[in-house]
There are 2 protein chains.
Amino acid sequence: MENKKKNAFYAQSGGVTSVINASAAGVIDSARKHKKYINKLYAGQNGILGALNQDLIDTSFESKSDIKNLKYTPGGIFGSCRYKLQDYKENEADYEKLLKVFKAHNIGYFFYNGGGDSQDTTNKISEYCVKKGFDIKCIGIPKTVDNDLPLTDCSPGFGSVAKYTAISTLEAGLDVKSMCATSTKVFILEVMGRHAGWIAASSALASESRQHPPHIILFPEIVFNEKLFLKNVKNIVAKFGYCVVVTSEGVKNKQGKFLSESGIKDAFGHAQLGGVSPYLSDLIKAKNGYKCHWAVADYLQRSARHIASKTDVEQAYALGSYAVDLAVSGKNAVMTSIKRTLNKPYKWKLSTVPLHKVANVEKKMPKNYISADGYHITSACRKYMAPLINGEDCPKYKNGIPLYTSFKNKKVKKIKL
Amino acid sequence: MENKKKNAFYAQSGGVTSVINASAAGVIDSARKHKKYINKLYAGQNGILGALNQDLIDTSFESKSDIKNLKYTPGGIFGSCRYKLQDYKENEADYEKLLKVFKAHNIGYFFYNGGGDSQDTTNKISEYCVKKGFDIKCIGIPKTVDNDLPLTDCSPGFGSVAKYTAISTLEAGLDVKSMCATSTKVFILEVMGRHAGWIAASSALASESRQHPPHIILFPEIVFNEKLFLKNVKNIVAKFGYCVVVTSEGVKNKQGKFLSESGIKDAFGHAQLGGVSPYLSDLIKAKNGYKCHWAVADYLQRSARHIASKTDVEQAYALGSYAVDLAVSGKNAVMTSIKRTLNKPYKWKLSTVPLHKVANVEKKMPKNYISADGYHITSACRKYMAPLINGEDCPKYKNGIPLYTSFKNKKVKKIKL
């Protein structure tokens, strides 16, 4: 029997999440279990760039306890990147480089942990290697707070950002409710979601009724109607004394323009990008006359590991671990995925999807998840989403601060190619 | 012996915190213990307005378990207000109203839970009642996320917002560090603090070294120097690959103007108030050319009970409870306060301060708490602040959401005055 033992490569890609490192921990643990097939697990420093530039990290120097703590650490421990490989049919340069590095370091397994673009990259690399007769198993591991990957029950990272958003809306809602008699009447929370309203939708998970915050949710899927929105805010303030709005960053007007670009000029005369909540706040102040407060969660929402969803952490870890199991069993060109088998209690199992079916498909909110008036979620949405935020898996604390781990990240010696 | 049994009044004032309800729980528990002196504890609906408008809540209907859960619930359970009583020497109208309500409802104890203005209000009410020969014990209970109350080691609410800020900076710092190779280089977190930089300072508690986030802290106490700031950001990005800035909302330029008012026009042509972080982001983009992300924590920071400091919760509860003990023992016109007796391990005891010494004094950051270059904290500051964020006292969760309590808030029948 030939010696099948090869090295493996793992990298993190795109915007990080509070649980992408849990997937990394799953990959590392599983690779260590499969000693028969995998010699060393190398990680790419800053995603695929680590492979392109031969910036490889030897994970074998990391201790068991550090890997255990990695499950509790937000951010991307090896660094991530925003880098899109061109199609190899148009430009082979990057692929040639990759192949050289893979060959030089005896890489037989390739794991890429990211969103839609990263699955596309994984697919292209797999195709190219097949074409070149290079034996490598390429497996995608899903990750994105945006929850827009198709053919999986959800994307790791989403459950935790949903939990953060639901809890933040609940907590800030109690604050503005306390203050509204003499002060702030409207509070606006801006969350991520350029094209899909999944995160904004999750803000409704802390309350069963539209009488409680969030009173209004703005989705990128629904064209912003200024008149109707202002009327709604007014009615809600009249009824409850205050109004909590949760808005996706990607809300657009009927001209198809992001609201955050609708006329705000920065101090240098440029159109200001980003910041739909200050725009809405100015609008409400000018037209309805209410005192407003607004928050922009930005990176806080996707790095809030201290309040991560246990379900999400477990899925992230399992999807990483499973990817390695599949690769050593000879699977190629698939993404690991979650299949829901029961709604209540939530049950799920691991599954796979061919990479070519995932690439370049964006899962938006289904129409039946958004209420008829366009400002809230339906019970179907709630049924789908509620289990994803379930459970807590808190980090340990020392002196009041979560004990997040750091890695040695020892570099592999470069080989002259 | 005369029957000394009277009713008591408690109200919450000003911006709420994630632990002001812990003080309320302390007051309620203590009042129930002092049955010999206190008949009923009434709470003011929306702060002092509840007394002025005779909107009183009878707390005796709340169950033991709801009061226990109140300790874990952010916001102000009885509603708060921003309402400043005039000096009674200038306008007695409000005081006359209050006295009528106190007399009608046999109020012999007055507890007001708030910041500097509220302690001033408590002092004036006490003075007025003495002048009118009305026997009432007036005790202030401190509260403010701003930590600007004098003569107490700290203000309840601050420890928890400090913990939130430190953890958020740590977490978002790990995020931007992961992304900086190909994407965001600078992350800016905006926190509260109009006049004092206590909250911004607390962002440094999660790291021992200036090599880690936050790399730059902007205090209201230090005049903003654009050139120096931009140079600093550039140097830090050159050195570490990324830069995390934490800014107080109240940072001013050398003309004494808030940066958040420095030229940004909203969509309606008005100067935009609030939002120093988008301003800084635009500045860095325009002058240094870095991709920036920014977050505004706003109400999230002061309502994040899920991550409250145990030390803060304990102090908040104790200060409320102690206020009642003092009142029934005949004390008047004092604020309960915290006295630090040991630094390491942190030990504190309850104390009191005469109200007239608290009113209208704002405790800013001492000079020796800010580093020589004006962009960070000193070890003296760290020594003072670190114990305040210590310990966790997490709420219980159900279906992934903290179990925050709601009260019956049964109104007391109004008496015709």
# chains A, B, ... in the order shown; residues from 1 in each chain; ligands from 1
>>> select_by_dssp(residues="segment 196-339 of chain B", states="strand (DSSP E or B)", output="JSON, numbers by chain")
{"B": [216, 217, 218, 243, 244, 245, 246, 247, 248, 252, 258, 265, 271, 292, 293, 294, 295, 296, 309, 334, 335, 336, 337, 338, 339]}
>>> write_last_selection(atoms="N, CA and C atoms", output="PDB file, in the first residue's frame")
ATOM      1  N   ILE B 216      -5.465  53.985  20.226  1.00  0.00           N
ATOM      2  CA  ILE B 216      -5.670  55.421  20.479  1.00  0.00           C
ATOM      3  C   ILE B 216      -7.000  55.610  21.209  1.00  0.00           C
ATOM      4  N   ILE B 217      -6.963  56.398  22.278  1.00  0.00           N
ATOM      5  CA  ILE B 217      -8.197  56.781  22.973  1.00  0.00           C
ATOM      6  C   ILE B 217      -8.326  58.296  22.888  1.00  0.00           C
ATOM      7  N   LEU B 218      -9.511  58.745  22.512  1.00  0.00           N
ATOM      8  CA  LEU B 218      -9.748  60.198  22.460  1.00  0.00           C
ATOM      9  C   LEU B 218     -10.658  60.604  23.626  1.00  0.00           C
ATOM     10  N   CYS B 243      -5.272  49.706  13.228  1.00  0.00           N
ATOM     11  CA  CYS B 243      -5.364  50.649  14.345  1.00  0.00           C
ATOM     12  C   CYS B 243      -6.795  50.687  14.861  1.00  0.00           C
ATOM     13  N   VAL B 244      -6.952  50.545  16.168  1.00  0.00           N
ATOM     14  CA  VAL B 244      -8.273  50.652  16.794  1.00  0.00           C
ATOM     15  C   VAL B 244      -8.324  51.934  17.615  1.00  0.00           C
ATOM     16  N   VAL B 245      -9.312  52.759  17.310  1.00  0.00           N
ATOM     17  CA  VAL B 245      -9.510  54.033  18.006  1.00  0.00           C
ATOM     18  C   VAL B 245     -10.797  53.952  18.821  1.00  0.00           C
ATOM     19  N   VAL B 246     -10.737  54.350  20.078  1.00  0.00           N
ATOM     20  CA  VAL B 246     -11.967  54.488  20.865  1.00  0.00           C
ATOM     21  C   VAL B 246     -12.128  55.951  21.203  1.00  0.00           C
ATOM     22  N   THR B 247     -13.271  56.492  20.847  1.00  0.00           N
ATOM     23  CA  THR B 247     -13.481  57.931  21.044  1.00  0.00           C
ATOM     24  C   THR B 247     -14.690  58.225  21.923  1.00  0.00           C
ATOM     25  N   SER B 248     -14.523  59.196  22.810  1.00  0.00           N
ATOM     26  CA  SER B 248     -15.661  59.734  23.557  1.00  0.00           C
ATOM     27  C   SER B 248     -16.509  60.558  22.604  1.00  0.00           C
ATOM     28  N   LYS B 252     -13.590  67.480  21.526  1.00  0.00           N
ATOM     29  CA  LYS B 252     -13.728  68.824  20.954  1.00  0.00           C
ATOM     30  C   LYS B 252     -12.445  69.262  20.261  1.00  0.00           C
ATOM     31  N   PHE B 258     -17.620  70.539  19.435  1.00  0.00           N
ATOM     32  CA  PHE B 258     -17.648  69.086  19.332  1.00  0.00           C
ATOM     33  C   PHE B 258     -17.266  68.665  17.917  1.00  0.00           C
ATOM     34  N   LYS B 265     -23.030  67.890   7.293  1.00  0.00           N
ATOM     35  CA  LYS B 265     -24.409  68.336   7.052  1.00  0.00           C
ATOM     36  C   LYS B 265     -25.290  67.115   6.820  1.00  0.00           C
ATOM     37  N   ALA B 271     -26.649  71.034  10.289  1.00  0.00           N
ATOM     38  CA  ALA B 271     -25.435  70.463  10.879  1.00  0.00           C
ATOM     39  C   ALA B 271     -25.841  69.186  11.617  1.00  0.00           C
ATOM     40  N   CYS B 292     -11.889  52.302   6.584  1.00  0.00           N
ATOM     41  CA  CYS B 292     -12.280  52.387   7.997  1.00  0.00           C
ATOM     42  C   CYS B 292     -13.621  51.716   8.231  1.00  0.00           C
ATOM     43  N   HIS B 293     -13.811  51.218   9.407  1.00  0.00           N
ATOM     44  CA  HIS B 293     -15.128  50.818   9.890  1.00  0.00           C
ATOM     45  C   HIS B 293     -15.378  51.541  11.201  1.00  0.00           C
ATOM     46  N   TRP B 294     -16.640  51.824  11.495  1.00  0.00           N
ATOM     47  CA  TRP B 294     -16.928  52.507  12.763  1.00  0.00           C
ATOM     48  C   TRP B 294     -18.224  51.967  13.376  1.00  0.00           C
ATOM     49  N   ALA B 295     -18.251  52.021  14.693  1.00  0.00           N
ATOM     50  CA  ALA B 295     -19.441  51.591  15.431  1.00  0.00           C
ATOM     51  C   ALA B 295     -19.797  52.663  16.448  1.00  0.00           C
ATOM     52  N   VAL B 296     -21.083  52.822  16.676  1.00  0.00           N
ATOM     53  CA  VAL B 296     -21.564  53.723  17.725  1.00  0.00           C
ATOM     54  C   VAL B 296     -22.364  52.874  18.695  1.00  0.00           C
ATOM     55  N   SER B 309     -20.969  43.922  35.104  1.00  0.00           N
ATOM     56  CA  SER B 309     -19.932  43.615  36.094  1.00  0.00           C
ATOM     57  C   SER B 309     -20.585  43.207  37.409  1.00  0.00           C
ATOM     58  N   VAL B 334     -28.288  62.924  52.619  1.00  0.00           N
ATOM     59  CA  VAL B 334     -27.012  62.336  52.217  1.00  0.00           C
ATOM     60  C   VAL B 334     -27.214  61.473  50.971  1.00  0.00           C
ATOM     61  N   MET B 335     -26.103  61.230  50.297  1.00  0.00           N
ATOM     62  CA  MET B 335     -26.096  60.244  49.213  1.00  0.00           C
ATOM     63  C   MET B 335     -25.299  59.038  49.715  1.00  0.00           C
ATOM     64  N   THR B 336     -25.779  57.851  49.435  1.00  0.00           N
ATOM     65  CA  THR B 336     -24.980  56.677  49.768  1.00  0.00           C
ATOM     66  C   THR B 336     -23.805  56.620  48.798  1.00  0.00           C
ATOM     67  N   SER B 337     -22.685  56.107  49.273  1.00  0.00           N
ATOM     68  CA  SER B 337     -21.501  56.112  48.423  1.00  0.00           C
ATOM     69  C   SER B 337     -20.607  54.909  48.721  1.00  0.00           C
ATOM     70  N   ILE B 338     -19.611  54.737  47.844  1.00  0.00           N
ATOM     71  CA  ILE B 338     -18.671  53.621  47.959  1.00  0.00           C
ATOM     72  C   ILE B 338     -17.319  54.154  48.396  1.00  0.00           C
ATOM     73  N   LYS B 339     -16.767  53.539  49.422  1.00  0.00           N
ATOM     74  CA  LYS B 339     -15.430  53.914  49.874  1.00  0.00           C
ATOM     75  C   LYS B 339     -14.507  52.728  49.624  1.00  0.00           C
TER      76      LYS B 339
END
>>> residues_around(residues="Ser203 of chain A", least_positions_apart="4", cutoff="9 Å", atoms="only C-alpha atoms", output="PyMOL selection string")
chain A and resi 162-170+199+207+213-214+217+246
>>> write_last_selection(atoms="N, CA and C atoms", output="PDB file, in the first residue's frame")
ATOM      1  N   ALA A 162     -27.275  36.790  15.236  1.00  0.00           N
ATOM      2  CA  ALA A 162     -28.722  36.889  15.482  1.00  0.00           C
ATOM      3  C   ALA A 162     -28.993  37.013  16.975  1.00  0.00           C
ATOM      4  N   LYS A 163     -28.285  36.222  17.756  1.00  0.00           N
ATOM      5  CA  LYS A 163     -28.459  36.281  19.210  1.00  0.00           C
ATOM      6  C   LYS A 163     -28.042  37.656  19.725  1.00  0.00           C
ATOM      7  N   TYR A 164     -26.907  38.139  19.248  1.00  0.00           N
ATOM      8  CA  TYR A 164     -26.431  39.471  19.635  1.00  0.00           C
ATOM      9  C   TYR A 164     -27.478  40.534  19.295  1.00  0.00           C
ATOM     10  N   THR A 165     -28.023  40.434  18.096  1.00  0.00           N
ATOM     11  CA  THR A 165     -28.976  41.443  17.620  1.00  0.00           C
ATOM     12  C   THR A 165     -30.280  41.390  18.421  1.00  0.00           C
ATOM     13  N   ALA A 166     -30.761  40.172  18.674  1.00  0.00           N
ATOM     14  CA  ALA A 166     -32.001  40.024  19.442  1.00  0.00           C
ATOM     15  C   ALA A 166     -31.828  40.582  20.851  1.00  0.00           C
ATOM     16  N   ILE A 167     -30.716  40.244  21.496  1.00  0.00           N
ATOM     17  CA  ILE A 167     -30.485  40.683  22.878  1.00  0.00           C
ATOM     18  C   ILE A 167     -30.246  42.190  22.932  1.00  0.00           C
ATOM     19  N   SER A 168     -29.485  42.704  21.979  1.00  0.00           N
ATOM     20  CA  SER A 168     -29.220  44.149  21.957  1.00  0.00           C
ATOM     21  C   SER A 168     -30.514  44.939  21.764  1.00  0.00           C
ATOM     22  N   THR A 169     -31.384  44.429  20.903  1.00  0.00           N
ATOM     23  CA  THR A 169     -32.663  45.106  20.657  1.00  0.00           C
ATOM     24  C   THR A 169     -33.528  45.077  21.913  1.00  0.00           C
ATOM     25  N   LEU A 170     -33.536  43.928  22.571  1.00  0.00           N
ATOM     26  CA  LEU A 170     -34.293  43.796  23.828  1.00  0.00           C
ATOM     27  C   LEU A 170     -33.770  44.774  24.874  1.00  0.00           C
ATOM     28  N   ILE A 199     -30.116  39.379   9.315  1.00  0.00           N
ATOM     29  CA  ILE A 199     -29.685  39.870  10.636  1.00  0.00           C
ATOM     30  C   ILE A 199     -30.732  40.816  11.213  1.00  0.00           C
ATOM     31  N   SER A 207     -38.866  39.101  21.230  1.00  0.00           N
ATOM     32  CA  SER A 207     -40.240  39.448  21.608  1.00  0.00           C
ATOM     33  C   SER A 207     -41.218  38.709  20.721  1.00  0.00           C
ATOM     34  N   PRO A 213     -40.385  46.035  21.194  1.00  0.00           N
ATOM     35  CA  PRO A 213     -39.305  46.241  20.231  1.00  0.00           C
ATOM     36  C   PRO A 213     -38.844  44.932  19.597  1.00  0.00           C
ATOM     37  N   PRO A 214     -38.446  44.954  18.336  1.00  0.00           N
ATOM     38  CA  PRO A 214     -38.435  46.093  17.431  1.00  0.00           C
ATOM     39  C   PRO A 214     -39.826  46.327  16.842  1.00  0.00           C
ATOM     40  N   ILE A 217     -38.890  46.885  11.358  1.00  0.00           N
ATOM     41  CA  ILE A 217     -37.655  46.336  10.798  1.00  0.00           C
ATOM     42  C   ILE A 217     -37.574  46.766   9.334  1.00  0.00           C
ATOM     43  N   VAL A 246     -35.117  48.689  13.759  1.00  0.00           N
ATOM     44  CA  VAL A 246     -33.870  47.995  13.421  1.00  0.00           C
ATOM     45  C   VAL A 246     -33.744  47.995  11.902  1.00  0.00           C
TER      46      VAL A 246
END
>>> interface_residues(of="chain B", to="chain A", cutoff="6 Å", atoms="only C-alpha atoms", output="ChimeraX atom specification")
/B:75-76,79-82,171-172,174-175,178-179,182,263-267,295-300,303,389-391,399-400
>>> write_last_selection(atoms="C-alpha atoms", output="short mmCIF file (atom, residue, chain, number, x, y, z; two decimals), in the first residue's frame")
data_model
loop_
_atom_site.label_atom_id
_atom_site.label_comp_id
_atom_site.auth_asym_id
_atom_site.auth_seq_id
_atom_site.Cartn_x
_atom_site.Cartn_y
_atom_site.Cartn_z
CA GLY B 75 -33.53 49.82 31.83
CA GLY B 76 -35.57 51.59 34.49
CA GLY B 79 -39.57 54.67 33.96
CA SER B 80 -37.06 57.46 34.30
CA CYS B 81 -37.09 61.12 33.31
CA ARG B 82 -35.00 64.08 32.34
CA GLU B 171 -13.57 41.54 20.36
CA ALA B 172 -13.79 44.07 17.54
CA LEU B 174 -9.58 40.75 17.01
CA ASP B 175 -11.92 41.19 14.06
CA SER B 178 -7.93 39.47 11.09
CA MET B 179 -9.07 41.64 8.20
CA THR B 182 -6.50 43.19 2.56
CA GLY B 263 -19.10 70.47 9.37
CA ILE B 264 -21.14 67.37 8.65
CA LYS B 265 -24.41 68.34 7.05
CA ASP B 266 -27.34 66.01 7.16
CA ALA B 267 -29.58 65.28 4.18
CA ALA B 295 -19.44 51.59 15.43
CA VAL B 296 -21.56 53.72 17.73
CA ALA B 297 -22.51 51.84 20.88
CA ASP B 298 -25.07 54.37 22.13
CA TYR B 299 -27.79 52.75 24.30
CA LEU B 300 -26.33 49.29 23.79
CA SER B 303 -28.22 48.51 28.73
CA ILE B 389 -15.35 45.40 35.92
CA ASN B 390 -14.58 42.30 37.91
CA GLY B 391 -16.90 39.31 38.01
CA ASN B 399 -34.68 30.00 24.33
CA GLY B 400 -31.42 31.85 23.92
#
>>> select_by_dssp(residues="segment 120-216 of chain A", states="alpha helix (DSSP H)", output="JSON, numbers by chain")
{"A": [120, 121, 122, 123, 124, 125, 126, 127, 128, 129, 130, 131, 158, 159, 160, 161, 162, 163, 164, 165, 166, 167, 168, 169, 170, 171, 172, 173, 174, 175, 176, 177, 178, 179, 198, 199, 200, 201, 202]}
>>> write_last_selection(atoms="C-alpha atoms", output="mmCIF file, in the first residue's frame")
data_model
loop_
_atom_site.group_PDB
_atom_site.id
_atom_site.type_symbol
_atom_site.label_atom_id
_atom_site.label_comp_id
_atom_site.auth_asym_id
_atom_site.auth_seq_id
_atom_site.Cartn_x
_atom_site.Cartn_y
_atom_site.Cartn_z
ATOM 1 C CA ASP A 120 -16.519 29.574 -5.581
ATOM 2 C CA THR A 121 -12.750 29.851 -5.076
ATOM 3 C CA THR A 122 -12.622 26.342 -3.599
ATOM 4 C CA ASN A 123 -14.557 25.019 -6.570
ATOM 5 C CA LYS A 124 -12.233 26.657 -9.086
ATOM 6 C CA ILE A 125 -9.131 25.354 -7.328
ATOM 7 C CA SER A 126 -10.597 21.874 -7.285
ATOM 8 C CA GLU A 127 -11.433 22.038 -11.008
ATOM 9 C CA TYR A 128 -8.015 23.379 -11.898
ATOM 10 C CA CYS A 129 -6.181 20.696 -9.919
ATOM 11 C CA VAL A 130 -8.288 17.956 -11.521
ATOM 12 C CA LYS A 131 -7.456 19.453 -14.915
ATOM 13 C CA PHE A 158 -25.346 33.830 11.728
ATOM 14 C CA GLY A 159 -26.819 32.247 14.864
ATOM 15 C CA SER A 160 -24.459 34.255 17.037
ATOM 16 C CA VAL A 161 -24.980 37.571 15.297
ATOM 17 C CA ALA A 162 -28.722 36.889 15.482
ATOM 18 C CA LYS A 163 -28.459 36.281 19.210
ATOM 19 C CA TYR A 164 -26.431 39.471 19.635
ATOM 20 C CA THR A 165 -28.976 41.443 17.620
ATOM 21 C CA ALA A 166 -32.001 40.024 19.442
ATOM 22 C CA ILE A 167 -30.485 40.683 22.878
ATOM 23 C CA SER A 168 -29.220 44.149 21.957
ATOM 24 C CA THR A 169 -32.663 45.106 20.657
ATOM 25 C CA LEU A 170 -34.293 43.796 23.828
ATOM 26 C CA GLU A 171 -31.862 45.621 26.107
ATOM 27 C CA ALA A 172 -31.796 48.940 24.256
ATOM 28 C CA GLY A 173 -35.576 48.692 23.940
ATOM 29 C CA LEU A 174 -35.908 48.574 27.731
ATOM 30 C CA ASP A 175 -33.654 51.626 27.907
ATOM 31 C CA VAL A 176 -35.598 53.812 25.494
ATOM 32 C CA LYS A 177 -38.903 52.657 27.018
ATOM 33 C CA SER A 178 -37.654 53.997 30.371
ATOM 34 C CA MET A 179 -36.665 57.335 28.883
ATOM 35 C CA TRP A 198 -31.499 38.007 7.858
ATOM 36 C CA ILE A 199 -29.685 39.870 10.636
ATOM 37 C CA ALA A 200 -32.272 42.646 10.867
ATOM 38 C CA ALA A 201 -34.975 39.964 11.006
ATOM 39 C CA SER A 202 -33.305 38.313 13.979
#
>>> residues_around(residues="segment 30-41 of chain A", least_positions_apart="5", cutoff="8 Å", atoms="only C-alpha atoms", output="list in words")
Lys4, Lys5, Lys6, Asn7, Ala8, Phe9, Tyr10, Asp58, Thr59, Ser60, Ser321, Tyr322, Val324, Asp325 and Val328 of chain A
>>> write_last_selection(atoms="N, CA and C atoms", output="short mmCIF file (atom, residue, chain, number, x, y, z; two decimals), in the first residue's frame")
data_model
loop_
_atom_site.label_atom_id
_atom_site.label_comp_id
_atom_site.auth_asym_id
_atom_site.auth_seq_id
_atom_site.Cartn_x
_atom_site.Cartn_y
_atom_site.Cartn_z
N LYS A 4 -0.11 7.15 1.82
CA LYS A 4 -1.05 8.21 1.41
C LYS A 4 -0.91 9.47 2.26
N LYS A 5 -0.03 9.46 3.21
CA LYS A 5 0.07 10.56 4.15
C LYS A 5 0.50 11.86 3.46
N LYS A 6 -0.34 12.86 3.60
CA LYS A 6 -0.04 14.16 3.00
C LYS A 6 -0.27 15.27 4.01
N ASN A 7 0.12 16.46 3.64
CA ASN A 7 -0.19 17.61 4.49
C ASN A 7 -1.54 18.21 4.07
N ALA A 8 -2.10 19.01 4.95
CA ALA A 8 -3.38 19.65 4.65
C ALA A 8 -3.23 21.16 4.79
N PHE A 9 -4.08 21.87 4.08
CA PHE A 9 -4.08 23.34 4.13
C PHE A 9 -5.47 23.82 4.52
N TYR A 10 -5.50 24.77 5.46
CA TYR A 10 -6.77 25.36 5.90
C TYR A 10 -6.63 26.87 5.91
N ASP A 58 2.38 26.47 10.73
CA ASP A 58 2.38 25.06 11.14
C ASP A 58 1.57 24.92 12.42
N THR A 59 0.38 24.37 12.30
CA THR A 59 -0.52 24.31 13.47
C THR A 59 -0.10 23.26 14.48
N SER A 60 0.88 22.45 14.15
CA SER A 60 1.24 21.36 15.08
C SER A 60 1.91 21.88 16.35
N SER A 321 -14.84 20.01 11.51
CA SER A 321 -14.38 18.65 11.79
C SER A 321 -14.81 17.69 10.68
N TYR A 322 -16.05 17.82 10.27
CA TYR A 322 -16.62 16.94 9.23
C TYR A 322 -15.89 17.09 7.89
N VAL A 324 -12.83 17.55 7.34
CA VAL A 324 -11.61 16.74 7.34
C VAL A 324 -11.96 15.25 7.19
N ASP A 325 -12.98 14.82 7.93
CA ASP A 325 -13.44 13.42 7.79
C ASP A 325 -13.73 13.09 6.33
N VAL A 328 -10.44 12.97 3.97
CA VAL A 328 -9.60 11.78 4.10
C VAL A 328 -10.35 10.53 3.60
#
>>> residues_around(residues="segment 364-373 of chain A", least_positions_apart="5", cutoff="9 Å", atoms="only C-alpha atoms", output="list in words")
Asn147, Asp148, Leu149, His195, Ala196, Gly197, Trp198, Ala201, Phe219, Glu221, Thr378, Ser379, Ala380, Cys381 and Arg382 of chain A
>>> residues_around(residues="Lys231 of chain A", least_positions_apart="4", cutoff="12 Å", atoms="only C-alpha atoms", output="PDB file with N, CA and C atoms, in the first residue's frame")
ATOM      1  N   ILE A 216     -40.356  48.294  14.203  1.00  0.00           N
ATOM      2  CA  ILE A 216     -40.194  48.383  12.748  1.00  0.00           C
ATOM      3  C   ILE A 216     -38.863  47.754  12.359  1.00  0.00           C
ATOM      4  N   ASN A 225     -40.045  53.263   1.783  1.00  0.00           N
ATOM      5  CA  ASN A 225     -41.079  54.241   1.471  1.00  0.00           C
ATOM      6  C   ASN A 225     -41.099  55.271   2.593  1.00  0.00           C
ATOM      7  N   GLU A 226     -40.526  56.428   2.327  1.00  0.00           N
ATOM      8  CA  GLU A 226     -40.330  57.424   3.379  1.00  0.00           C
ATOM      9  C   GLU A 226     -41.626  57.830   4.072  1.00  0.00           C
ATOM     10  N   LYS A 227     -42.638  58.097   3.263  1.00  0.00           N
ATOM     11  CA  LYS A 227     -43.906  58.588   3.803  1.00  0.00           C
ATOM     12  C   LYS A 227     -44.537  57.556   4.742  1.00  0.00           C
ATOM     13  N   ASN A 235     -47.342  56.635  14.372  1.00  0.00           N
ATOM     14  CA  ASN A 235     -48.408  55.815  14.973  1.00  0.00           C
ATOM     15  C   ASN A 235     -47.899  55.004  16.164  1.00  0.00           C
ATOM     16  N   ILE A 236     -46.716  54.467  16.006  1.00  0.00           N
ATOM     17  CA  ILE A 236     -46.160  53.621  17.069  1.00  0.00           C
ATOM     18  C   ILE A 236     -45.827  54.459  18.302  1.00  0.00           C
ATOM     19  N   VAL A 237     -45.244  55.640  18.091  1.00  0.00           N
ATOM     20  CA  VAL A 237     -44.943  56.521  19.221  1.00  0.00           C
ATOM     21  C   VAL A 237     -46.246  56.939  19.907  1.00  0.00           C
ATOM     22  N   ALA A 238     -47.271  57.219  19.115  1.00  0.00           N
ATOM     23  CA  ALA A 238     -48.562  57.612  19.690  1.00  0.00           C
ATOM     24  C   ALA A 238     -49.140  56.487  20.542  1.00  0.00           C
ATOM     25  N   CYS A 243     -40.592  54.142  19.955  1.00  0.00           N
ATOM     26  CA  CYS A 243     -40.504  53.274  18.784  1.00  0.00           C
ATOM     27  C   CYS A 243     -39.059  52.817  18.600  1.00  0.00           C
ATOM     28  N   ILE A 284     -36.344  61.474  10.844  1.00  0.00           N
ATOM     29  CA  ILE A 284     -37.415  61.460  11.854  1.00  0.00           C
ATOM     30  C   ILE A 284     -37.427  62.769  12.651  1.00  0.00           C
ATOM     31  N   LYS A 287     -38.835  65.500  10.224  1.00  0.00           N
ATOM     32  CA  LYS A 287     -40.222  65.379   9.772  1.00  0.00           C
ATOM     33  C   LYS A 287     -41.202  65.108  10.914  1.00  0.00           C
ATOM     34  N   ASN A 288     -40.795  64.312  11.913  1.00  0.00           N
ATOM     35  CA  ASN A 288     -41.712  63.992  13.007  1.00  0.00           C
ATOM     36  C   ASN A 288     -41.407  64.770  14.286  1.00  0.00           C
TER      37      ASN A 288
END
>>> atom_distance(atom1="atom CA of Glu249 of chain B", atom2="atom CA of Val191 of chain B")
5.9 Å
>>> closest_residue(among="B:Ala316, B:Gly250, B:Ile415, B:Lys410", to="Phe61 of chain B", atoms="only C-alpha atoms")
B:Lys410
>>> residues_around(residues="Leu70 of chain B", least_positions_apart="5", cutoff="7 Å", atoms="only C-alpha atoms", output="list in words")
Asn21, Ala22, Ala25 and Thr405 of chain B
>>> write_last_selection(atoms="N, CA and C atoms", output="PDB file, in the first residue's frame")
ATOM      1  N   ASN B  21     -31.767  49.045  38.109  1.00  0.00           N
ATOM      2  CA  ASN B  21     -32.811  48.201  38.687  1.00  0.00           C
ATOM      3  C   ASN B  21     -32.289  47.339  39.838  1.00  0.00           C
ATOM      4  N   ALA B  22     -30.993  47.097  39.870  1.00  0.00           N
ATOM      5  CA  ALA B  22     -30.421  46.388  41.020  1.00  0.00           C
ATOM      6  C   ALA B  22     -30.526  47.278  42.256  1.00  0.00           C
ATOM      7  N   ALA B  25     -34.048  47.080  43.351  1.00  0.00           N
ATOM      8  CA  ALA B  25     -34.278  45.825  44.080  1.00  0.00           C
ATOM      9  C   ALA B  25     -33.762  45.939  45.511  1.00  0.00           C
ATOM     10  N   THR B 405     -37.176  40.660  33.668  1.00  0.00           N
ATOM     11  CA  THR B 405     -38.492  40.665  34.294  1.00  0.00           C
ATOM     12  C   THR B 405     -39.295  41.888  33.869  1.00  0.00           C
TER      13      THR B 405
END
